[in-house]
Structures are given as structure tokens and as C-alpha cells.
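Undergrad: Quick one, coords.cif (mmCIF, N, CA and C atoms):
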```cif
data_data
#
loop_
_atom_site.label_atom_id
_atom_site.label_comp_id
_atom_site.auth_asym_id
_atom_site.auth_seq_id
_atom_site.Cartn_x
_atom_site.Cartn_y
_atom_site.Cartn_z
N MET A 151 194.75 97.60 150.17
CA MET A 151 194.07 96.40 150.53
C MET A 151 192.88 96.78 151.42
N THR A 152 191.70 96.35 151.04
CA THR A 152 190.52 96.68 151.82
C THR A 152 190.08 95.52 152.70
N ASN A 153 190.56 94.32 152.40
CA ASN A 153 190.21 93.16 153.20
C ASN A 153 191.25 92.08 152.97
N VAL A 154 191.86 91.61 154.05
CA VAL A 154 192.82 90.50 153.97
C VAL A 154 192.41 89.49 155.02
N ASP A 155 192.18 88.26 154.59
CA ASP A 155 191.81 87.19 155.51
C ASP A 155 192.64 85.97 155.16
N ILE A 156 193.78 85.83 155.84
CA ILE A 156 194.70 84.75 155.57
C ILE A 156 194.05 83.40 155.88
N ALA A 157 193.27 83.32 156.95
CA ALA A 157 192.62 82.05 157.32
C ALA A 157 191.67 81.57 156.23
N GLN A 158 190.96 82.51 155.59
CA GLN A 158 190.04 82.14 154.52
C GLN A 158 190.69 82.21 153.14
N LYS A 159 191.97 82.54 153.11
CA LYS A 159 192.76 82.61 151.89
C LYS A 159 192.14 83.55 150.85
N LYS A 160 191.91 84.78 151.28
CA LYS A 160 191.40 85.76 150.32
C LYS A 160 191.91 87.15 150.64
N LEU A 161 191.97 87.95 149.60
CA LEU A 161 192.46 89.31 149.69
C LEU A 161 191.62 90.15 148.73
N VAL A 162 191.22 91.33 149.16
CA VAL A 162 190.48 92.26 148.31
C VAL A 162 191.28 93.56 148.24
N ALA A 163 191.52 94.00 147.02
CA ALA A 163 192.27 95.24 146.82
C ALA A 163 191.41 96.21 146.02
N ASP A 164 191.47 97.47 146.41
CA ASP A 164 190.78 98.52 145.67
C ASP A 164 191.83 99.30 144.91
N ILE A 165 191.66 99.38 143.60
CA ILE A 165 192.55 100.18 142.77
C ILE A 165 191.74 101.42 142.35
N PRO A 166 191.96 102.56 143.01
CA PRO A 166 191.12 103.73 142.74
C PRO A 166 191.34 104.35 141.37
N ASP A 167 192.56 104.25 140.84
CA ASP A 167 192.87 104.88 139.55
C ASP A 167 194.01 104.10 138.92
N CYS A 168 193.69 103.20 138.02
CA CYS A 168 194.67 102.27 137.45
C CYS A 168 195.70 103.01 136.60
N ALA A 169 196.95 102.78 136.89
CA ALA A 169 198.04 103.44 136.16
C ALA A 169 198.10 103.01 134.70
N TRP A 170 197.59 101.83 134.39
CA TRP A 170 197.64 101.36 133.00
C TRP A 170 196.99 102.36 132.06
N HIS A 171 195.95 103.02 132.50
CA HIS A 171 195.25 103.98 131.65
C HIS A 171 196.08 105.22 131.37
N TRP A 172 197.10 105.44 132.19
CA TRP A 172 197.89 106.66 132.02
C TRP A 172 199.26 106.40 131.42
N VAL A 173 199.79 105.17 131.56
CA VAL A 173 201.16 104.92 131.09
C VAL A 173 201.21 104.12 129.79
N ALA A 174 200.15 103.43 129.42
CA ALA A 174 200.15 102.65 128.18
C ALA A 174 200.09 103.58 126.98
N PRO A 175 200.85 103.28 125.94
CA PRO A 175 200.78 104.11 124.73
C PRO A 175 199.38 104.07 124.13
N SER A 176 198.92 105.15 123.59
CA SER A 176 197.57 105.22 123.06
C SER A 176 197.34 104.24 121.92
N ASP A 177 198.40 103.84 121.22
CA ASP A 177 198.23 102.90 120.11
C ASP A 177 198.41 101.45 120.54
N SER A 178 198.42 101.18 121.86
CA SER A 178 198.62 99.81 122.33
C SER A 178 197.33 99.00 122.39
N LEU A 179 196.20 99.65 122.13
CA LEU A 179 194.92 98.95 122.13
C LEU A 179 194.52 98.55 120.72
N PRO A 180 193.86 97.40 120.56
CA PRO A 180 193.40 97.00 119.23
C PRO A 180 192.44 98.01 118.61
N VAL A 181 191.58 98.62 119.41
CA VAL A 181 190.64 99.62 118.91
C VAL A 181 190.90 100.90 119.69
N LEU A 182 191.39 101.91 119.01
CA LEU A 182 191.74 103.16 119.69
C LEU A 182 190.49 103.88 120.17
N GLY A 183 190.66 104.67 121.22
CA GLY A 183 189.59 105.51 121.71
C GLY A 183 188.56 104.80 122.58
N GLN A 184 188.87 103.61 123.05
CA GLN A 184 187.91 102.89 123.86
C GLN A 184 188.40 102.66 125.29
N LEU A 185 189.20 103.57 125.80
CA LEU A 185 189.57 103.52 127.22
C LEU A 185 188.46 104.16 128.01
N PRO A 186 188.16 103.71 129.21
CA PRO A 186 188.84 102.62 129.89
C PRO A 186 188.22 101.25 129.61
N GLU A 187 187.08 101.19 128.93
CA GLU A 187 186.38 99.93 128.77
C GLU A 187 187.24 98.83 128.17
N GLN A 188 187.92 99.11 127.08
CA GLN A 188 188.70 98.08 126.42
C GLN A 188 189.87 97.61 127.28
N GLY A 189 190.55 98.55 127.92
CA GLY A 189 191.67 98.17 128.78
C GLY A 189 191.23 97.32 129.95
N CYS A 190 190.18 97.74 130.62
CA CYS A 190 189.70 96.99 131.79
C CYS A 190 189.17 95.61 131.41
N LEU A 191 188.28 95.58 130.45
CA LEU A 191 187.58 94.35 130.13
C LEU A 191 188.41 93.36 129.34
N MET A 192 189.18 93.84 128.37
CA MET A 192 189.94 92.92 127.52
C MET A 192 191.33 92.62 128.06
N MET A 193 192.01 93.63 128.52
CA MET A 193 193.40 93.42 128.94
C MET A 193 193.49 92.85 130.35
N CYS A 194 192.84 93.48 131.30
CA CYS A 194 192.97 93.06 132.70
C CYS A 194 191.98 91.95 133.07
N LYS A 195 190.71 92.24 133.01
CA LYS A 195 189.68 91.31 133.48
C LYS A 195 189.73 89.98 132.73
N ALA A 196 189.59 90.00 131.43
CA ALA A 196 189.52 88.75 130.67
C ALA A 196 190.81 87.94 130.78
N THR A 197 191.93 88.60 130.64
CA THR A 197 193.21 87.88 130.69
C THR A 197 193.45 87.26 132.06
N CYS A 198 193.36 88.04 133.12
CA CYS A 198 193.64 87.52 134.45
C CYS A 198 192.64 86.46 134.89
N GLU A 199 191.36 86.69 134.61
CA GLU A 199 190.36 85.72 135.04
C GLU A 199 190.48 84.41 134.27
N ASN A 200 190.97 84.45 133.03
CA ASN A 200 191.18 83.21 132.28
C ASN A 200 192.44 82.49 132.71
N VAL A 201 193.50 83.22 132.99
CA VAL A 201 194.75 82.60 133.40
C VAL A 201 194.68 82.15 134.87
N PHE A 202 194.17 83.01 135.73
CA PHE A 202 194.08 82.70 137.16
C PHE A 202 192.64 82.34 137.50
N ASP A 203 192.22 81.18 137.06
CA ASP A 203 190.82 80.75 137.21
C ASP A 203 190.59 79.82 138.39
N GLY A 204 191.59 79.59 139.20
CA GLY A 204 191.45 78.75 140.38
C GLY A 204 191.84 77.31 140.16
N ARG A 205 192.01 76.88 138.92
CA ARG A 205 192.38 75.47 138.67
C ARG A 205 193.74 75.12 139.23
N ASP A 206 194.66 76.08 139.21
CA ASP A 206 196.00 75.84 139.73
C ASP A 206 196.21 76.47 141.10
N GLY A 207 195.12 76.82 141.76
CA GLY A 207 195.22 77.33 143.12
C GLY A 207 194.95 78.82 143.27
N LEU A 208 195.32 79.62 142.30
CA LEU A 208 195.14 81.07 142.42
C LEU A 208 193.97 81.51 141.55
N GLN A 209 193.06 82.27 142.16
CA GLN A 209 191.91 82.80 141.43
C GLN A 209 191.89 84.31 141.60
N ILE A 210 191.75 85.03 140.49
CA ILE A 210 191.66 86.49 140.51
C ILE A 210 190.39 86.90 139.80
N GLU A 211 189.63 87.77 140.44
CA GLU A 211 188.41 88.33 139.84
C GLU A 211 188.52 89.85 139.86
N PHE A 212 188.12 90.46 138.76
CA PHE A 212 188.12 91.91 138.65
C PHE A 212 186.69 92.42 138.57
N GLU A 213 186.44 93.51 139.24
CA GLU A 213 185.16 94.22 139.14
C GLU A 213 185.47 95.66 138.73
N PRO A 214 185.51 95.92 137.42
CA PRO A 214 185.82 97.27 136.95
C PRO A 214 184.72 98.26 137.33
N ARG A 215 185.15 99.49 137.60
CA ARG A 215 184.20 100.58 137.83
C ARG A 215 184.26 101.49 136.61
N LEU A 216 183.39 101.20 135.68
CA LEU A 216 183.38 101.94 134.42
C LEU A 216 182.27 102.97 134.43
N PRO A 217 182.49 104.12 133.85
CA PRO A 217 183.60 104.48 132.96
C PRO A 217 184.81 105.04 133.69
N GLU A 218 184.86 104.98 135.02
CA GLU A 218 186.04 105.44 135.73
C GLU A 218 187.21 104.50 135.45
N THR A 219 188.35 104.76 136.03
CA THR A 219 189.54 103.95 135.76
C THR A 219 189.99 103.16 136.97
N GLY A 220 189.06 102.78 137.83
CA GLY A 220 189.40 101.98 138.99
C GLY A 220 188.73 100.62 138.94
N CYS A 221 189.11 99.75 139.88
CA CYS A 221 188.46 98.44 139.97
C CYS A 221 188.68 97.86 141.36
N THR A 222 187.95 96.80 141.62
CA THR A 222 188.17 96.00 142.81
C THR A 222 188.70 94.65 142.34
N MET A 223 189.77 94.20 142.97
CA MET A 223 190.39 92.93 142.60
C MET A 223 190.27 91.99 143.79
N ARG A 224 189.72 90.80 143.54
CA ARG A 224 189.59 89.77 144.57
C ARG A 224 190.51 88.62 144.24
N ILE A 225 191.34 88.25 145.20
CA ILE A 225 192.30 87.17 145.01
C ILE A 225 192.02 86.09 146.03
N ARG A 226 191.96 84.85 145.55
CA ARG A 226 191.80 83.68 146.44
C ARG A 226 192.85 82.66 146.08
N TRP A 227 193.31 81.94 147.09
CA TRP A 227 194.31 80.90 146.86
C TRP A 227 194.04 79.66 147.66
#
```
Written as C-alpha cells, that's how I'd like the structure from this file.
TA:
Amino acid sequence: MTNVDIAQKKLVADIPDCAWHWVAPSDSLPVLGQLPEQGCLMMCKATCENVFDGRDGLQIEFEPRLPETGCTMRIRW
């Protein structure tokens, strides 16, 4: 966690090296050979930002660091 502010209801986490890129089977992506871009953008970023869009209270935003395998995750509630 790089920043936690309970009063402002936000948390920032730095994920330096996402385990998903190392533990997911290579055939688990729709298009093989496109790590980390496909995993970050389609699996994590798009899914979480669409599901946790703030309408129900929780908002999650991802900032992938491509082509590396890390990201910054911002959570608000």
C-alpha cells in the first residue's frame, strides 16, 4: 500500500510484479503470446473497472505499467 486515507475513503496499492502473469496457464488467454498486455488490459483492468465502477459504492481503477508486469491500483469507496 503506497497511500491509505480512510477519511477520504481511498487506497492506492502498487503491484510491482503481478503473480497472474506467472501462475496462469499459457493457454488461458484468448490470444496466446500477448502477455502482459492482454492480461492487464482485458482481464484485470477492463473487468474490474466495469464491475467496480462506483455505482454500488466501490470503485477500482488500474494503471498498468506495460510492457512490465506491474500496476497501480486505486480503490475508492
Undergrad: Residues within 12 Å of Asp203 of chain A, please, as a list in words. Count only C-alpha atoms; anything in the same chain fewer than 4 positions from it doesn't count.
TA: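 Near Asp203 of chain A, the qualifying residues are Lys195, Ala196, Thr197, Cys198, Glu199, Gly207, Leu208, Gln209, Ile210, Glu211, Phe212, Arg224, Ile225, Arg226 and Trp227 of chain A.
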Undergrad: To one decimal place in Å, what is the distance between atom N of Met151 of chain A and atom CA of Thr222 of chain A?
TA: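 Distance reported for this atom pair: 10.0 Å.
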Undergrad: To one decimal place in Å, what is the distance between atom CA of Gly220 of chain A and atom CA of His171 of chain A?
TA: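 Between atom CA of Gly220 of chain A and atom CA of His171 of chain A the gap works out to 9.6 Å.
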Undergrad: Calculate how many Å separate atom C of Leu191 of chain A from atom CA of Thr152 of chain A, rounding to one decimal.
TA: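 Distance reported for this atom pair: 22.8 Å.
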Undergrad: Mind checking which residues fall within 7 Å of Cys221 of chain A, counting all atoms listed in the file, ignoring those fewer than 5 positions away in the same chain, and posting them as a list in words?
TA: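 Contacts, with the query itself left out: Ala163, Asp164, Ile165, Pro166, Asp167, Cys168, Phe212, Glu213, Pro214 and Arg215 of chain A.
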Undergrad: Given the choices A:Glu187, A:Gln158, A:Asn200, A:Arg205, which gets closest to Pro217 of chain A if the distance is worked out from all atoms listed in the file?
TA: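 Using all atoms listed in the file, Pro217 of chain A sits closest to A:Glu187.
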Undergrad: Residues of chain A in helix (DSSP H, G or I) according to DSSP, as a list of chain:residue names?
TA: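 Selecting the helix (DSSP H, G or I) positions of chain A gives A:Trp170, A:His171, A:Trp172, A:Val173, A:Ser176, A:Asp177, A:Ser178, A:Glu187, A:Gln188, A:Gly189, A:Cys190, A:Leu191, A:Met192, A:Met193, A:Cys194, A:Lys195, A:Ala196, A:Thr197, A:Cys198, A:Glu199, A:Asn200, A:Val201.
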Undergrad: Among chain A, which ones does DSSP place in strand (DSSP E or B), written as a list in words?
TA: Asn153, Val154, Asp155, Lys160, Leu161, Val162, Ala163, Asp164, Ile165, Asp203, Gln209, Ile210, Glu211, Phe212, Glu213, Pro214, Arg215, Gly220, Cys221, Thr222, Met223, Arg224, Ile225 and Arg226 of chain A
